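Input: a single structure, listed below in structure tokens.
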Amino acid sequence: MKQKIVIKACMPCDGCRAKALGVAAKADGVISMAITGDDRDRLEVVGVGVDVTCLVVCLRKKVRFADVLQVEEVKEEKKPEEKKPEEKTPEPCCPCPPPPPYCYYPPPPMIVCDDPTPACSIM
């Protein structure tokens with residue numbers, strides 16, 4: 001289940017914001033994070049199975065003040081399936097000629113030589 005967590009934290013400078021983003025990035029299950037709000041004092045974290053309590057405790061150690069404002073489930077929007085154009089195979093410009101007929105050539109005849117002289121001279 002994907003959830004969106006909005007945390008208000010004390011982030012008056014860019015250094016504090018960088019620390020807060022670093023803490024959020026190290027948390028397990030975080031998919032995305034962003035600094036929002038008019039005063040840039042809110043941290044939005046989107047993730048799966050994020051431990052909110054652990055995240056807030058770690059933020060309090062780094063930036064001194066952090067409080068959970070909102071935790072909500074993010075419903076994924078189903079995108080309409082895009083139909084891909086079917087790939088057409090190119091048609092040949094002219095019909096292909098038939099393959100040549102298979103020719104079977106008989107094996108050459110066996111030649112039997114009857115040699116009257118033996119190869120062994122001992123006998």
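In the structure tokens, each chain is lettered A, B, ... as it comes, each chain's residues begin at 1, and ligands are numbered from 1 in order of appearance.
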
With 6 Å as the cut-off and only C-alpha atoms counted, what is the closest atom pair between each nearby residue of segment 55-103 of chain A and segment 1-9 of chain A? Distances in Å to one decimal, ordered by chain and number, as CSV.
residue,atom,partner,partner_atom,distance
A:Phe65,CA,A:Ala9,CA,5.4
A:Ala66,CA,A:Ala9,CA,4.1
A:Asp67,CA,A:Lys8,CA,5.3
A:Val68,CA,A:Ile7,CA,4.4
A:Leu69,CA,A:Ile7,CA,5.4
A:Gln70,CA,A:Val6,CA,5.0
A:Val71,CA,A:Ile5,CA,4.5
A:Glu72,CA,A:Lys4,CA,5.3
A:Glu73,CA,A:Gln3,CA,4.3
A:Val74,CA,A:Gln3,CA,5.2

Using only N, CA, C and O atoms, please write the residues we just selected to a file, as a PDB file, in the first residue's frame.
ATOM      1  N   PHE A  65      12.615  19.985  15.358  1.00  0.00           N
ATOM      2  CA  PHE A  65      11.158  19.955  15.448  1.00  0.00           C
ATOM      3  C   PHE A  65      10.593  19.269  14.206  1.00  0.00           C
ATOM      4  O   PHE A  65      10.927  19.621  13.087  1.00  0.00           O
ATOM      5  N   ALA A  66       9.739  18.292  14.456  1.00  0.00           N
ATOM      6  CA  ALA A  66       9.049  17.617  13.346  1.00  0.00           C
ATOM      7  C   ALA A  66       7.747  17.066  13.892  1.00  0.00           C
ATOM      8  O   ALA A  66       7.696  16.503  14.978  1.00  0.00           O
ATOM      9  N   ASP A  67       6.686  17.268  13.135  1.00  0.00           N
ATOM     10  CA  ASP A  67       5.366  16.820  13.563  1.00  0.00           C
ATOM     11  C   ASP A  67       4.600  16.306  12.346  1.00  0.00           C
ATOM     12  O   ASP A  67       4.620  16.933  11.284  1.00  0.00           O
ATOM     13  N   VAL A  68       3.911  15.184  12.526  1.00  0.00           N
ATOM     14  CA  VAL A  68       3.157  14.593  11.431  1.00  0.00           C
ATOM     15  C   VAL A  68       1.861  15.374  11.234  1.00  0.00           C
ATOM     16  O   VAL A  68       1.094  15.573  12.177  1.00  0.00           O
ATOM     17  N   LEU A  69       1.622  15.830  10.015  1.00  0.00           N
ATOM     18  CA  LEU A  69       0.390  16.540   9.698  1.00  0.00           C
ATOM     19  C   LEU A  69      -0.641  15.625   9.048  1.00  0.00           C
ATOM     20  O   LEU A  69      -1.836  15.725   9.321  1.00  0.00           O
ATOM     21  N   GLN A  70      -0.185  14.728   8.177  1.00  0.00           N
ATOM     22  CA  GLN A  70      -1.139  13.944   7.408  1.00  0.00           C
ATOM     23  C   GLN A  70      -0.475  12.651   6.942  1.00  0.00           C
ATOM     24  O   GLN A  70       0.672  12.631   6.524  1.00  0.00           O
ATOM     25  N   VAL A  71      -1.229  11.564   7.033  1.00  0.00           N
ATOM     26  CA  VAL A  71      -0.837  10.285   6.458  1.00  0.00           C
ATOM     27  C   VAL A  71      -2.037   9.781   5.681  1.00  0.00           C
ATOM     28  O   VAL A  71      -3.122   9.633   6.230  1.00  0.00           O
ATOM     29  N   GLU A  72      -1.852   9.556   4.383  1.00  0.00           N
ATOM     30  CA  GLU A  72      -2.971   9.091   3.571  1.00  0.00           C
ATOM     31  C   GLU A  72      -2.489   8.076   2.550  1.00  0.00           C
ATOM     32  O   GLU A  72      -1.320   8.066   2.154  1.00  0.00           O
ATOM     33  N   GLU A  73      -3.418   7.234   2.144  1.00  0.00           N
ATOM     34  CA  GLU A  73      -3.118   6.230   1.141  1.00  0.00           C
ATOM     35  C   GLU A  73      -3.209   6.866  -0.233  1.00  0.00           C
ATOM     36  O   GLU A  73      -4.144   7.608  -0.531  1.00  0.00           O
ATOM     37  N   VAL A  74      -2.245   6.566  -1.071  1.00  0.00           N
ATOM     38  CA  VAL A  74      -2.228   7.105  -2.421  1.00  0.00           C
ATOM     39  C   VAL A  74      -2.852   6.071  -3.340  1.00  0.00           C
ATOM     40  O   VAL A  74      -2.393   4.935  -3.415  1.00  0.00           O
TER      41      VAL A  74
END

Checklist entry - Given the choices A:Cys10, A:Ala18, A:Cys58, A:Ala27, which gets closest to Arg42 of chain A if the distance is worked out from only C-alpha atoms? => result A:Cys10

For segment 28-41 of chain A, please output as a PDB file with C-alpha atoms, in the first residue's frame all residues within 6 Å (counting only C-alpha atoms; exclusion window: fewer than 2 positions along the same chain).
ATOM      1  CA  LYS A   8       5.909  19.830   9.288  1.00  0.00           C
ATOM      2  CA  ALA A   9       9.473  20.440  10.384  1.00  0.00           C
ATOM      3  CA  MET A  11      13.652  24.024   8.247  1.00  0.00           C
ATOM      4  CA  LEU A  43       8.308  17.469   3.922  1.00  0.00           C
ATOM      5  CA  GLU A  44       6.179  15.214   1.733  1.00  0.00           C
ATOM      6  CA  VAL A  45       7.283  11.592   1.618  1.00  0.00           C
ATOM      7  CA  VAL A  46       5.707   8.954  -0.631  1.00  0.00           C
ATOM      8  CA  GLY A  47       6.554   5.324  -0.071  1.00  0.00           C
ATOM      9  CA  VAL A  48       5.511   1.768   0.641  1.00  0.00           C
ATOM     10  CA  GLY A  49       5.684   0.548   4.237  1.00  0.00           C
ATOM     11  CA  VAL A  50       7.413   3.651   5.601  1.00  0.00           C
TER      12      VAL A  50
END

Checklist entry - Among chain A, which residues carry a DSSP assignment of alpha helix (DSSP H), reported as number ranges by chain? => result A: 14-26, 52-63

Just N, CA, C and O atoms for this one: save the residues we selected as a short mmCIF file (atom, residue, chain, number, x, y, z; two decimals), in the first residue's frame.
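Dumped to part-v3.cif:
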data_model
loop_
_atom_site.label_atom_id
_atom_site.label_comp_id
_atom_site.auth_asym_id
_atom_site.auth_seq_id
_atom_site.Cartn_x
_atom_site.Cartn_y
_atom_site.Cartn_z
N ASP A 14 18.49 26.33 3.84
CA ASP A 14 18.70 25.25 2.88
C ASP A 14 19.47 24.08 3.49
O ASP A 14 19.27 22.94 3.10
N GLY A 15 20.33 24.36 4.44
CA GLY A 15 21.08 23.29 5.10
C GLY A 15 20.17 22.36 5.88
O GLY A 15 20.32 21.13 5.84
N CYS A 16 19.20 22.94 6.59
CA CYS A 16 18.23 22.13 7.34
C CYS A 16 17.35 21.31 6.39
O CYS A 16 17.02 20.16 6.67
N ARG A 17 16.99 21.91 5.26
CA ARG A 17 16.19 21.17 4.27
C ARG A 17 16.98 20.00 3.70
O ARG A 17 16.44 18.91 3.50
N ALA A 18 18.26 20.23 3.45
CA ALA A 18 19.11 19.15 2.93
C ALA A 18 19.24 18.02 3.95
O ALA A 18 19.21 16.84 3.59
N LYS A 19 19.37 18.37 5.24
CA LYS A 19 19.44 17.35 6.28
C LYS A 19 18.15 16.55 6.35
O LYS A 19 18.17 15.33 6.47
N ALA A 20 17.01 17.23 6.26
CA ALA A 20 15.72 16.56 6.32
C ALA A 20 15.53 15.62 5.13
O ALA A 20 15.05 14.49 5.28
N LEU A 21 15.92 16.08 3.95
CA LEU A 21 15.82 15.23 2.77
C LEU A 21 16.75 14.02 2.88
O LEU A 21 16.41 12.92 2.45
N GLY A 22 17.92 14.23 3.47
CA GLY A 22 18.86 13.12 3.67
C GLY A 22 18.31 12.07 4.61
O GLY A 22 18.46 10.87 4.37
N VAL A 23 17.66 12.51 5.68
CA VAL A 23 17.06 11.57 6.62
C VAL A 23 15.92 10.80 5.94
O VAL A 23 15.80 9.58 6.10
N ALA A 24 15.10 11.50 5.18
CA ALA A 24 13.99 10.85 4.50
C ALA A 24 14.49 9.87 3.44
O ALA A 24 13.89 8.81 3.23
N ALA A 25 15.58 10.20 2.79
CA ALA A 25 16.12 9.33 1.74
C ALA A 25 16.63 8.02 2.31
O ALA A 25 16.58 6.98 1.65
N LYS A 26 17.12 8.04 3.54
CA LYS A 26 17.66 6.83 4.16
C LYS A 26 16.59 5.92 4.74
O LYS A 26 16.86 4.78 5.05
N VAL A 52 6.47 5.66 9.97
CA VAL A 52 6.28 7.09 10.21
C VAL A 52 6.92 7.51 11.53
O VAL A 52 7.59 8.55 11.61
N THR A 53 6.75 6.70 12.55
CA THR A 53 7.29 7.04 13.87
C THR A 53 8.81 7.15 13.82
O THR A 53 9.39 8.11 14.34
N CYS A 54 9.43 6.18 13.22
CA CYS A 54 10.89 6.19 13.12
C CYS A 54 11.38 7.39 12.32
O CYS A 54 12.37 8.03 12.67
N LEU A 55 10.66 7.71 11.24
CA LEU A 55 11.04 8.85 10.41
C LEU A 55 10.96 10.16 11.19
O LEU A 55 11.86 10.99 11.14
N VAL A 56 9.89 10.33 11.96
CA VAL A 56 9.73 11.57 12.74
C VAL A 56 10.78 11.67 13.84
O VAL A 56 11.34 12.74 14.08
N VAL A 57 11.08 10.55 14.51
CA VAL A 57 12.11 10.57 15.57
C VAL A 57 13.46 10.95 14.98
O VAL A 57 14.20 11.76 15.56
N CYS A 58 13.80 10.38 13.84
CA CYS A 58 15.08 10.71 13.20
C CYS A 58 15.12 12.17 12.76
O CYS A 58 16.16 12.83 12.87
N LEU A 59 13.99 12.68 12.25
CA LEU A 59 13.95 14.10 11.85
C LEU A 59 14.10 15.01 13.07
O LEU A 59 14.76 16.05 12.99
N ARG A 60 13.50 14.64 14.18
CA ARG A 60 13.63 15.47 15.38
C ARG A 60 15.06 15.52 15.87
O ARG A 60 15.49 16.53 16.43
N LYS A 61 15.81 14.46 15.68
CA LYS A 61 17.22 14.46 16.08
C LYS A 61 18.04 15.40 15.19
O LYS A 61 18.99 16.02 15.66
N LYS A 62 17.68 15.50 13.90
CA LYS A 62 18.45 16.33 12.98
C LYS A 62 18.01 17.78 12.93
O LYS A 62 18.85 18.68 12.91
N VAL A 63 16.67 18.01 12.89
CA VAL A 63 16.20 19.39 12.70
C VAL A 63 15.43 19.93 13.90
O VAL A 63 14.82 20.98 13.80
#
